[in-house]
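Structure file protein-v5.cif; described as mmCIF, C-alpha atoms and all ligand atoms.
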```
data_protein
loop_
_atom_site.label_atom_id
_atom_site.label_comp_id
_atom_site.auth_asym_id
_atom_site.auth_seq_id
_atom_site.Cartn_x
_atom_site.Cartn_y
_atom_site.Cartn_z
CA MET A 98 0.00 0.00 0.00
CA GLN A 99 1.12 3.58 -0.73
CA PHE A 100 0.33 6.83 1.10
CA GLU A 101 -1.54 7.89 -2.06
CA ASP A 102 -4.00 5.02 -1.43
CA LEU A 103 -4.99 6.44 1.97
CA GLY A 104 -6.77 9.46 0.52
CA LEU A 105 -4.22 12.02 1.72
CA ILE A 106 -4.05 15.51 0.25
CA PRO A 107 -1.06 16.63 -1.89
CA PRO A 108 0.61 18.98 0.66
CA ILE A 109 0.78 16.14 3.18
CA LEU A 110 1.99 13.61 0.59
CA ARG A 111 4.73 16.04 -0.33
CA ALA A 112 5.79 16.47 3.31
CA LEU A 113 5.90 12.69 3.82
CA LYS A 114 8.06 12.39 0.74
CA ASP A 115 10.42 15.00 2.23
CA GLN A 116 10.66 12.74 5.29
CA ASN A 117 11.71 9.89 3.01
CA TYR A 118 8.79 7.74 4.10
CA LYS A 119 8.30 5.28 1.22
CA SER A 120 5.13 3.56 2.35
CA PRO A 121 2.83 3.61 5.39
CA THR A 122 3.63 1.42 8.41
CA THR A 123 0.97 -1.02 9.59
CA ILE A 124 -0.49 1.30 12.22
CA GLN A 125 -0.64 4.11 9.66
CA GLU A 126 -2.34 1.87 7.10
CA LYS A 127 -4.92 0.79 9.64
CA SER A 128 -5.55 4.05 11.51
CA ILE A 129 -5.36 6.86 8.94
CA PRO A 130 -8.53 5.91 6.96
CA LEU A 131 -10.52 5.39 10.21
CA ILE A 132 -9.41 8.71 11.69
CA LEU A 133 -10.13 10.53 8.43
CA ASN A 134 -13.59 8.97 8.66
CA GLY A 135 -14.16 10.53 12.08
CA GLU A 136 -13.92 7.36 14.17
CA ASP A 137 -12.57 7.17 17.74
CA ILE A 138 -9.56 4.87 17.99
CA LEU A 139 -8.32 2.50 20.68
CA GLY A 140 -4.78 1.90 19.45
CA ASN A 141 -2.59 -0.83 20.87
CA ALA A 142 0.79 0.31 19.63
CA GLN A 143 4.05 1.45 21.06
CA THR A 144 6.61 4.04 20.04
CA GLY A 145 8.64 2.94 17.05
CA THR A 146 5.68 1.71 15.02
CA GLY A 147 5.08 5.05 13.31
CA LYS A 148 2.11 5.86 15.53
CA THR A 149 2.81 9.61 15.69
CA ALA A 150 2.23 10.00 11.95
CA ALA A 151 -0.76 7.64 12.27
CA PHE A 152 -2.59 10.27 14.33
CA ALA A 153 -0.82 13.49 13.30
CA VAL A 154 -1.37 13.14 9.55
CA PRO A 155 -5.17 12.68 9.61
CA ILE A 156 -5.53 15.41 12.25
CA ILE A 157 -3.61 17.83 10.02
CA GLN A 158 -5.78 16.82 7.07
CA HIS A 159 -8.98 17.42 9.10
CA LEU A 160 -7.70 20.86 10.13
CA VAL A 161 -6.78 21.78 6.56
CA GLY A 162 -10.21 20.59 5.39
CA GLU A 163 -11.94 22.80 7.92
CA GLY A 164 -10.28 25.75 6.26
CA HIS A 165 -9.24 27.53 9.43
CA ASN A 166 -8.62 31.15 8.64
CA PRO A 167 -4.86 31.39 8.15
CA ASN A 168 -4.88 35.06 9.16
CA GLY A 169 -7.45 35.01 11.96
CA LYS A 170 -6.82 34.12 15.63
CA ARG A 171 -6.20 30.42 15.95
CA THR A 172 -7.85 28.38 18.66
CA ILE A 173 -6.66 25.05 19.95
CA SER A 174 -8.51 22.55 17.74
CA SER A 175 -6.38 19.59 18.62
CA LEU A 176 -4.84 18.54 21.93
CA ILE A 177 -2.21 15.81 22.27
CA ILE A 178 -1.32 14.67 25.80
CA THR A 179 1.85 12.68 26.29
CA PRO A 180 3.72 11.62 29.44
CA THR A 181 7.26 12.89 28.88
CA ARG A 182 8.83 16.13 27.74
CA GLU A 183 11.05 14.36 25.22
CA LEU A 184 8.08 12.68 23.63
CA ALA A 185 6.13 15.96 23.58
CA ILE A 186 8.99 17.69 21.76
CA GLN A 187 9.25 14.88 19.25
CA ILE A 188 5.52 14.88 18.54
CA GLY A 189 5.70 18.65 18.03
CA GLU A 190 8.56 18.20 15.58
CA SER A 191 6.57 15.56 13.71
CA PHE A 192 3.54 17.87 13.41
CA THR A 193 5.81 20.63 12.12
CA ALA A 194 7.30 18.28 9.52
CA TYR A 195 4.03 16.79 8.28
CA ALA A 196 2.22 20.16 8.24
CA LYS A 197 5.11 21.90 6.47
CA TYR A 198 3.07 22.71 3.34
CA THR A 199 -0.14 23.61 5.18
CA HIS A 200 -1.14 26.51 7.44
CA VAL A 201 -1.56 24.24 10.50
CA LYS A 202 0.53 25.44 13.45
CA ASN A 203 1.50 23.60 16.60
CA THR A 204 3.26 24.35 19.84
CA VAL A 205 4.58 22.21 22.66
CA ILE A 206 4.30 22.84 26.40
CA PHE A 207 6.05 20.88 29.15
CA GLY A 208 7.32 21.43 32.66
CA GLY A 209 10.82 21.86 33.99
CA VAL A 210 11.57 25.02 32.02
CA SER A 211 10.28 28.57 32.39
CA GLN A 212 6.88 29.14 30.87
CA GLY A 213 7.50 32.47 29.11
CA SER A 214 8.21 31.25 25.59
CA GLN A 215 5.40 28.70 25.87
CA THR A 216 2.80 31.28 26.90
CA ASN A 217 3.99 33.65 24.16
CA ALA A 218 3.43 30.94 21.55
CA LEU A 219 -0.03 30.28 23.00
CA LYS A 220 -0.87 33.97 22.85
CA ARG A 221 0.08 34.06 19.17
CA GLY A 222 -2.40 31.21 18.61
CA VAL A 223 -1.99 27.57 17.63
CA ASP A 224 -4.14 24.87 16.04
CA VAL A 225 -2.42 21.92 17.67
CA LEU A 226 -1.21 21.84 21.26
CA VAL A 227 1.13 19.06 22.40
CA ALA A 228 1.44 18.95 26.18
CA THR A 229 2.53 17.04 29.24
CA PRO A 230 -0.28 16.94 31.83
CA GLY A 231 1.23 18.98 34.69
CA ARG A 232 2.22 22.05 32.68
CA LEU A 233 -1.04 21.95 30.74
CA LEU A 234 -3.13 22.09 33.94
CA ASP A 235 -0.88 24.81 35.29
CA LEU A 236 -1.35 27.00 32.19
CA MET A 237 -5.07 26.24 32.14
CA ASP A 238 -5.31 27.45 35.75
CA GLN A 239 -3.47 30.62 34.81
CA GLY A 240 -5.87 31.23 31.93
CA PHE A 241 -3.37 30.75 29.10
CA VAL A 242 -5.09 27.68 27.69
CA SER A 243 -8.73 27.03 26.93
CA LEU A 244 -9.81 23.60 25.74
CA SER A 245 -13.32 24.63 24.73
CA ASP A 246 -12.58 24.46 20.99
CA VAL A 247 -10.82 21.08 20.97
CA GLU A 248 -12.22 18.84 18.24
CA TYR A 249 -9.46 16.20 18.15
CA PHE A 250 -8.02 14.78 21.34
CA VAL A 251 -5.13 12.30 21.53
CA LEU A 252 -4.00 10.50 24.67
CA ASP A 253 -0.60 9.04 23.91
CA GLU A 254 1.22 6.31 25.87
CA ALA A 255 -1.69 5.89 28.25
CA ASP A 256 -0.07 3.03 30.16
CA ARG A 257 3.03 5.06 30.91
CA MET A 258 0.84 8.02 31.98
CA LEU A 259 -0.80 5.84 34.58
CA ASP A 260 2.55 4.38 35.67
CA MET A 261 3.81 7.91 36.20
CA GLY A 262 0.81 8.78 38.37
CA PHE A 263 -0.94 11.14 35.96
CA ILE A 264 -4.40 9.60 36.31
CA HIS A 265 -5.93 12.50 38.28
CA ASP A 266 -4.41 15.09 35.97
CA ILE A 267 -5.78 13.26 32.95
CA LYS A 268 -9.25 13.12 34.46
CA LYS A 269 -9.16 16.87 35.19
CA ILE A 270 -8.13 17.56 31.60
CA ILE A 271 -10.82 15.32 30.11
CA ALA A 272 -13.44 17.11 32.20
CA GLU A 273 -12.56 20.36 30.40
CA LEU A 274 -12.90 18.93 26.88
CA PRO A 275 -16.03 19.50 24.80
CA ARG A 276 -18.24 16.40 24.70
CA LYS A 277 -18.44 16.51 20.92
CA ARG A 278 -14.98 15.59 19.76
CA GLN A 279 -12.97 12.82 18.12
CA SER A 280 -10.69 10.97 20.53
CA LEU A 281 -7.68 8.76 19.83
CA PHE A 282 -6.20 6.66 22.59
CA PHE A 283 -2.85 4.88 22.32
CA SER A 284 -1.20 2.48 24.72
CA ALA A 285 1.54 -0.14 24.39
CA THR A 286 -0.28 -2.42 26.81
CA MET A 287 -3.98 -2.77 27.58
CA PRO A 288 -4.47 -3.91 31.19
CA LYS A 289 -7.86 -3.42 32.85
CA ASN A 290 -7.17 0.04 34.34
CA ILE A 291 -6.20 1.31 30.88
CA LEU A 292 -9.32 -0.13 29.27
CA ASP A 293 -11.44 1.44 32.02
CA LEU A 294 -9.88 4.83 31.31
CA SER A 295 -10.41 4.36 27.56
CA HIS A 296 -14.14 3.78 28.17
CA GLU A 297 -14.33 7.19 29.86
CA ILE A 298 -12.75 8.90 26.87
CA LEU A 299 -13.82 7.08 23.71
CA ARG A 300 -17.18 6.58 22.03
CA ASN A 301 -17.66 3.38 20.00
CA PRO A 302 -13.95 3.15 19.31
CA ARG A 303 -12.46 1.10 16.51
CA LYS A 304 -9.69 -1.11 17.79
CA VAL A 305 -6.36 -0.99 16.03
CA ALA A 306 -3.57 -3.26 17.22
CA VAL A 307 -0.07 -3.57 15.90
CA ASN A 308 3.04 -5.14 17.24
CA PRO A 309 1.89 -6.27 20.62
CA VAL A 310 4.92 -5.82 22.85
CA ALA A 311 6.25 -9.37 22.42
CA SER A 312 6.51 -9.28 18.65
CA THR A 313 8.42 -6.01 18.28
CA ALA A 314 11.47 -8.00 19.26
CA GLU A 315 11.32 -10.04 16.09
CA LYS A 316 13.15 -7.66 13.82
CA ILE A 317 15.99 -7.05 16.25
CA LYS A 318 19.00 -9.35 16.50
CA GLN A 319 19.68 -10.08 20.14
CA TYR A 320 22.72 -11.45 21.91
CA VAL A 321 23.38 -12.07 25.56
CA TYR A 322 26.84 -11.97 27.13
CA PRO A 323 26.71 -14.01 30.35
CA THR A 324 29.42 -12.44 32.49
CA ASN A 325 30.35 -11.44 36.03
CA LYS A 326 29.39 -8.22 37.76
CA SER A 327 33.03 -7.21 38.05
CA ASP A 328 33.68 -7.79 34.32
CA LYS A 329 30.83 -5.67 32.96
CA LYS A 330 32.90 -2.52 32.63
CA GLU A 331 35.54 -4.21 30.48
CA LEU A 332 32.93 -6.12 28.52
CA LEU A 333 31.20 -2.86 27.63
CA PHE A 334 34.50 -1.47 26.31
CA PHE A 335 35.00 -4.69 24.34
CA ILE A 336 31.59 -4.43 22.65
CA LEU A 337 32.07 -0.73 21.93
CA ARG A 338 35.47 -1.45 20.35
CA LYS A 339 33.90 -4.18 18.26
CA LEU A 340 31.29 -1.70 16.95
CA GLY A 341 33.95 0.68 15.66
CA SER A 342 32.55 4.19 15.70
CA GLU A 343 28.86 3.27 15.64
CA GLN A 344 26.53 5.17 17.95
CA VAL A 345 25.08 3.19 20.82
CA LEU A 346 22.34 3.66 23.38
CA VAL A 347 23.32 2.06 26.70
CA PHE A 348 20.68 1.30 29.33
CA SER A 349 21.29 1.33 33.03
CA ARG A 350 18.84 0.32 35.74
CA SER A 351 19.75 3.20 38.07
CA LYS A 352 20.71 6.87 37.85
CA HIS A 353 23.92 6.25 39.80
CA GLY A 354 24.73 3.35 37.50
CA ALA A 355 24.25 5.59 34.47
CA ASP A 356 26.58 8.24 35.91
CA ARG A 357 29.17 5.59 36.75
CA ILE A 358 29.11 4.23 33.19
CA VAL A 359 29.58 7.75 31.84
CA ARG A 360 32.58 8.31 34.14
CA ASN A 361 34.16 5.03 33.00
CA LEU A 362 33.61 5.78 29.33
CA ARG A 363 35.06 9.26 29.66
CA LYS A 364 38.20 7.79 31.23
CA LYS A 365 38.57 5.88 27.99
CA ARG A 366 37.95 9.09 26.04
CA ILE A 367 34.65 7.91 24.65
CA GLU A 368 32.33 10.86 24.06
CA CYS A 369 29.13 10.23 25.98
CA ALA A 370 26.37 11.69 28.17
CA ALA A 371 23.69 10.43 30.49
CA ILE A 372 19.98 11.18 30.61
CA HIS A 373 18.03 10.35 33.73
CA GLY A 374 15.58 11.81 36.19
CA ASP A 375 18.18 13.79 38.17
CA LYS A 376 19.27 15.76 35.10
CA SER A 377 17.55 19.05 34.38
CA GLN A 378 15.36 19.37 31.33
CA ASN A 379 18.04 21.44 29.61
CA GLN A 380 20.76 18.87 30.33
CA ARG A 381 18.57 16.11 28.95
CA GLN A 382 17.73 18.06 25.83
CA LYS A 383 21.37 18.94 25.31
CA ALA A 384 22.48 15.31 25.67
CA LEU A 385 19.81 14.12 23.26
CA GLN A 386 20.70 16.83 20.76
CA GLN A 387 24.41 15.99 20.98
CA PHE A 388 23.61 12.34 20.37
CA LYS A 389 21.29 13.07 17.45
CA SER A 390 23.84 15.35 15.83
CA GLU A 391 26.49 12.66 16.39
CA HIS A 392 28.67 14.85 18.61
CA ILE A 393 28.70 12.08 21.18
CA ARG A 394 28.93 8.41 20.46
CA VAL A 395 27.22 6.89 23.47
CA LEU A 396 24.05 7.94 25.26
CA VAL A 397 23.49 6.28 28.63
CA ALA A 398 19.89 6.29 29.79
CA THR A 399 17.62 4.99 32.50
CA ASP A 400 14.31 3.46 31.46
CA ILE A 401 11.98 6.35 32.26
CA ALA A 402 14.27 8.91 30.64
CA ALA A 403 14.59 6.82 27.51
CA ARG A 404 10.90 6.24 27.11
CA GLY A 405 9.78 7.68 23.84
CA ILE A 406 13.08 9.10 22.70
CA ASP A 407 13.28 8.74 18.99
CA ILE A 408 16.61 8.60 17.28
CA ASP A 409 16.55 7.90 13.57
CA LYS A 410 18.12 4.64 12.51
CA LEU A 411 19.65 3.79 15.84
CA GLY A 412 21.58 0.59 15.16
CA TYR A 413 22.63 -0.64 18.59
CA VAL A 414 21.33 -0.93 22.11
CA ILE A 415 23.39 -2.31 24.98
CA ASN A 416 21.70 -3.39 28.19
CA TYR A 417 24.37 -2.85 30.82
CA ASP A 418 22.06 -4.79 33.09
CA VAL A 419 19.17 -7.10 32.34
CA PRO A 420 15.91 -5.52 33.45
CA ASN A 421 13.80 -7.53 35.88
CA GLU A 422 10.59 -6.74 33.98
CA PRO A 423 10.59 -8.48 30.62
CA GLU A 424 8.42 -5.73 29.08
CA THR A 425 11.11 -3.20 29.94
CA TYR A 426 13.59 -5.26 27.93
CA VAL A 427 11.30 -5.17 24.90
CA HIS A 428 10.83 -1.41 25.25
CA ARG A 429 14.57 -0.90 25.55
CA ILE A 430 15.55 -2.91 22.51
CA GLY A 431 12.66 -1.33 20.60
CA ARG A 432 14.78 1.86 20.53
CA CYS A 433 16.81 0.27 17.76
CA GLY A 434 15.56 -1.20 14.54
CA ARG A 435 12.78 1.40 14.37
CA ALA A 436 10.20 1.42 11.55
CA GLY A 437 11.72 -1.44 9.60
CA GLU A 438 15.39 -0.65 10.20
CA GLU A 439 17.54 -3.50 11.41
CA GLY A 440 18.90 -3.26 14.95
CA ILE A 441 21.13 -5.26 17.24
CA ALA A 442 20.78 -5.48 21.01
CA PHE A 443 23.43 -6.80 23.40
CA SER A 444 22.70 -7.67 27.02
CA LEU A 445 25.35 -7.99 29.71
CA CYS A 446 24.09 -10.58 32.13
CA GLU A 447 25.62 -11.21 35.55
CA PRO A 448 24.74 -14.41 37.44
CA GLU A 449 22.02 -12.68 39.46
CA GLU A 450 20.28 -11.73 36.21
CA ASN A 451 20.16 -15.19 34.62
CA ALA A 452 16.58 -15.65 35.79
CA TYR A 453 15.56 -12.34 34.18
CA VAL A 454 16.83 -13.58 30.81
CA ARG A 455 14.65 -16.66 31.16
CA ASP A 456 11.59 -14.45 31.89
CA ILE A 457 12.35 -12.38 28.81
CA GLU A 458 12.67 -15.46 26.65
CA LYS A 459 9.26 -16.60 27.89
CA LEU A 460 7.71 -13.26 26.89
CA ILE A 461 9.31 -12.99 23.47
CA LYS A 462 8.85 -16.71 22.90
CA LYS A 463 12.36 -17.34 21.70
CA LYS A 464 15.84 -17.98 23.01
CA ILE A 465 18.25 -15.07 23.03
CA GLU A 466 21.43 -16.14 21.30
CA ILE A 467 24.54 -16.39 23.48
CA ALA A 468 27.38 -14.32 22.00
CA THR A 469 30.27 -16.50 20.86
CA ASP A 470 32.95 -13.82 21.18
CA ASN A 471 32.63 -13.23 24.92
CA PRO A 472 36.09 -12.57 26.44
CA PHE A 473 34.65 -12.46 29.99
CA PRO A 474 32.32 -15.44 30.33
CA GLN A 475 30.34 -16.01 33.48
CA THR A 476 32.37 -17.92 36.02
CA GLU A 477 30.51 -17.03 39.17
CA LYS A 478 27.30 -18.78 40.13
CA PRO A 479 24.08 -17.05 41.12
CA MET A 480 23.82 -16.83 44.89
CA SER A 481 21.50 -19.12 46.80
CA ALA A 482 18.77 -17.48 48.89
CA GLN A 483 20.88 -17.94 52.04
CA GLU A 484 23.99 -16.47 50.37
CA LYS A 485 21.94 -13.52 49.12
CA LYS A 486 20.68 -12.84 52.65
CA GLU A 487 24.20 -12.92 54.05
CA PHE A 488 25.48 -10.77 51.21
CA GLU A 489 22.82 -8.11 51.89
CA LYS A 490 23.59 -8.27 55.64
CA GLU A 491 27.29 -7.78 55.00
CA LYS A 492 26.58 -4.95 52.54
CA ASN A 493 24.46 -3.15 55.14
CA ARG A 494 27.10 -3.69 57.80
CA LYS A 495 29.77 -2.17 55.53
CA ARG A 496 27.50 0.75 54.68
CA GLN A 497 26.86 1.39 58.33
CA GLU A 498 30.58 1.20 59.05
CA PHE A 499 31.34 3.63 56.23
CA PHE A 500 28.88 6.23 57.52
CA THR A 501 29.98 5.83 61.13
CA ASN A 502 33.62 6.33 60.16
CA ARG A 503 32.81 9.25 57.90
CA ASN A 504 30.78 10.98 60.57
CA LYS A 505 33.50 10.37 63.15
CA LYS A 506 36.05 11.87 60.77
CA ARG A 507 33.89 14.90 60.00
CA GLY A 508 33.17 15.34 63.68
CA SER A 509 36.86 15.36 64.53
CA GLN A 510 37.63 17.86 61.74
CA ASN A 511 34.79 20.17 62.60
CA PRO A 512 33.77 20.58 66.23
CA ASN A 513 30.45 22.16 65.16
CA PHE A 514 29.58 19.15 63.01
CA ARG A 515 26.25 17.60 63.96
CA ARG A 516 24.94 14.49 62.38
CA LYS A 517 21.91 15.34 60.25
CA LYS A 518 18.67 14.09 61.79
CA ARG A 519 16.91 11.73 59.39
P1 LIG B 1 6.93 6.77 16.13
O1 LIG B 1 6.43 5.38 16.41
O2 LIG B 1 5.85 7.68 15.74
O3 LIG B 1 7.77 7.27 17.25
O4 LIG B 1 7.88 6.66 14.83
C1 LIG B 1 9.08 5.96 14.84
C2 LIG B 1 10.03 6.37 13.73
O5 LIG B 1 9.56 5.93 12.47
C3 LIG B 1 10.21 7.88 13.58
O6 LIG B 1 11.60 8.11 13.39
C4 LIG B 1 9.46 8.24 12.34
O7 LIG B 1 10.05 9.34 11.69
C5 LIG B 1 9.61 6.99 11.51
N1 LIG B 1 8.47 6.73 10.59
C6 LIG B 1 7.16 6.97 10.80
N2 LIG B 1 6.43 6.59 9.76
C7 LIG B 1 7.28 6.07 8.85
C8 LIG B 1 7.13 5.51 7.53
N3 LIG B 1 5.93 5.38 6.97
N4 LIG B 1 8.24 5.12 6.88
C9 LIG B 1 9.47 5.24 7.46
N5 LIG B 1 9.69 5.75 8.69
C10 LIG B 1 8.61 6.18 9.37
#
```
Can the structure from this file be put into structure tokens for me?
Amino acid sequence: MQFEDLGLIPPILRALKDQNYKSPTTIQEKSIPLILNGEDILGNAQTGTGKTAAFAVPIIQHLVGEGHNPNGKRTISSLIITPTRELAIQIGESFTAYAKYTHVKNTVIFGGVSQGSQTNALKRGVDVLVATPGRLLDLMDQGFVSLSDVEYFVLDEADRMLDMGFIHDIKKIIAELPRKRQSLFFSATMPKNILDLSHEILRNPRKVAVNPVASTAEKIKQYVYPTNKSDKKELLFFILRKLGSEQVLVFSRSKHGADRIVRNLRKKRIECAAIHGDKSQNQRQKALQQFKSEHIRVLVATDIAARGIDIDKLGYVINYDVPNEPETYVHRIGRCGRAGEEGIAFSLCEPEENAYVRDIEKLIKKKIEIATDNPFPQTEKPMSAQEKKEFEKEKNRKRQEFFTNRNKKRGSQNPNFRRKKR
């Protein structure tokens, strides 16, 4: 099927050609005709399937068809809610690209930065508003945003919204929307709480499902390197050397872990940056921009920070640790091999993570190949329950000892030193 077959207007076809999109992805093929026909959509699809264009393109076409006065004051006709700032920015960029040859204007609002430029854009008037929930409610309260003219509403990544605790914000936003509207609801997973929320938003929705989480893994080559905790650092260098100068997204379970990986890579003069929840919005944007423009080779990310980031043709993902939720693994490796591109994912697995690999294999219904070029194979055994208990006890004892000694030392250096009350 071609984009021409979907009934799209010439200015949009031209913009898609500029993007080098040859043919629609499955979600686009299925959703665009339904949305153009005015149907509500319950979309089971995750980032990487081309879902942004699946909703953005028909919305733009609707707005062009309505002939909004290009010179008059624009009102917000379409609202897109998305959980993360990065995703909001990317959706905004997609709208800008697909609406390039039309008069449709969008703006993006998100928290963590000052609101001045966002409110200025709103004052100038926009047709499409892409927003994260908190900042949207804030600007609504301050009177900068009215939702009374919204005709097309999109709730993106609904499952992640709920995970991030946005349910009350979403309900407040929905309450402000006109009853007569077209609503599009997307989620990578569809547990009961998500379906319940969808019933509150959608009217007689058409269901569109693509790539349920487990099958996205099919187009990505995956290798596991069973190794020891203490060898992971060297193993990462080994894999990076093997990949020459290719750009790589490295996942870490924790923020501290991500920072540690960055420090180690910098010691080896590998250009890199981390994005995680402790970084400011500007730092995260800068790191992402540097990675996209290929000024740095490695981006190290935690799961939440990486959610939704979209880097064209990313070839490689390395899991520095194996996530304990199999779905997280699928989301992580889904960052590479996007929209038909081939990707390769490597996972560094220490003994304690062997069981996680088995859970992942159950979910994706196939064995992950064991890398044959592993210079640091696993020699240690996973700890028994008793060993684990003793290990944790010893770790806590050492921690306690460290703090006691540190406090003693500080106390002796500074007579006014008081231990902070917890
Ligand atoms: P999304 O799932 O919307 O985050 O899109 C994932 C990636 O696929 C983005 O980089 C899009 O630019 C790209 N993309 C979307 N639609 C197509 C298409 N029809 N052909 C090729 N790439 C596409």
Exercise for the section: Could you tell me which of A:Leu294, A:Val307, A:Ala272, A:Leu333 comes closest to ligand LIG 1 (chain B) if we count all atoms listed in the file? Expected result: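 Checking each candidate against ligand LIG 1 (chain B), we get A:Val307 as the closest.
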Exercise for the section: Find the spatial neighbours of stretch 414-425 of chain A, counting all atoms listed in the file, within a cut-off of 9 Å - ignore same-chain residues fewer than 5 positions away - and output them as an NGL selection string. Expected result: :A and (310-311 or 329-330 or 333 or 336 or 345-350 or 358 or 400 or 430-433 or 440-447 or 450-454 or 456-461)
Handout entry: Nearest to ligand LIG 1 (chain B) by atom-to-atom distance, counting only C-alpha atoms and all ligand atoms, from A:Glu163, A:Asp253, A:Glu297, A:Asp356
Key =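 Of all the options, A:Asp253 lies closest to ligand LIG 1 (chain B).
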Practice task
Could you jot down the atom CA of A:Gly145 to atom CA of A:Lys114 separation for me, Å, one decimal place?
Solution key: 18.9 Å
Exercise for the section: Could you please determine the separation between atom CA of A:Phe283 and atom CA of A:Lys304 in Å, to one decimal place? Expected result: 10.2 Å
Exercise for the section: Considering only C-alpha atoms, return as a PyMOL selection string whatever protein or nucleic-acid residues lie within 8 Å of A:Ile129, sequence-local ones (same chain, fewer than 2 positions apart) excluded. Expected result: chain A and resi 103+125-127+131-133+151-152+154-155
Exercise for the section: Quick one: pull the distance between atom CA of A:His392 and atom CA of A:Gln344, Å, one decimal. Expected result: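 Value for the atom CA of A:His392-atom CA of A:Gln344 distance: 9.9 Å.
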Problem - Distance criterion (all atoms listed in the file): nearest to ligand LIG 1 (chain B) out of A:Ile267, A:Ile124, A:Ile178, A:Ile206 - result: A:Ile124
Exercise for the section: Counting all atoms listed in the file, figure out which residue out of A:Leu184, A:Ile271, A:Ala218, A:Val427 gets nearest to ligand LIG 1 (chain B). Expected result: A:Leu184
Protein, DNA and RNA residues within 10 Å of (23.1, -17.8, 15.4), all atoms listed in the file, as a PDB file with C-alpha atoms, keeping the file's coordinate frame:
```pdb
ATOM      1  CA  LYS A 318      19.000  -9.350  16.500  1.00  0.00           C
ATOM      2  CA  GLN A 319      19.680 -10.080  20.140  1.00  0.00           C
ATOM      3  CA  TYR A 320      22.720 -11.450  21.910  1.00  0.00           C
ATOM      4  CA  ILE A 465      18.250 -15.070  23.030  1.00  0.00           C
ATOM      5  CA  GLU A 466      21.430 -16.140  21.300  1.00  0.00           C
ATOM      6  CA  ILE A 467      24.540 -16.390  23.480  1.00  0.00           C
ATOM      7  CA  ALA A 468      27.380 -14.320  22.000  1.00  0.00           C
ATOM      8  CA  THR A 469      30.270 -16.500  20.860  1.00  0.00           C
TER       9      THR A 469
END
```
Problem - Nearest residue to A:Leu139 from the set A:Arg278, A:Arg300, A:His265, A:Lys364 (distances using all atoms listed in the file) - result: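 Of A:Arg278, A:Arg300, A:His265, A:Lys364, the one nearest A:Leu139, counting all atoms listed in the file, is A:Arg300.
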Handout entry: Contact residues around A:Met261 with all atoms listed in the file at 10 Å, ignoring same-chain residues under 5 positions, as a list of chain:residue names
Key =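 My reading of the contact set: A:Pro180, A:Thr181, A:Ala255, A:Asp256, A:Ile401.
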Problem - Residue nearest A:Thr399 - candidates A:Ser351, A:Thr204, A:Ser175, A:Thr324, atoms counted: only C-alpha atoms - result: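 Of all the options, A:Ser351 lies closest to A:Thr399.
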Practice task
Compile the contact shell of A:Ala402 as a ChimeraX atom specification: residues with an atom at most 8 Å away, counting only C-alpha atoms, same-chain residues fewer than 6 positions apart removed.
Solution key: /A:372-374
Exercise for the section: Name all residues at most 9 Å from A:Glu273 (count all atoms listed in the file; drop same-chain ones fewer than 6 positions away) and give them as a ChimeraX atom specification. Expected result: /A:243-245
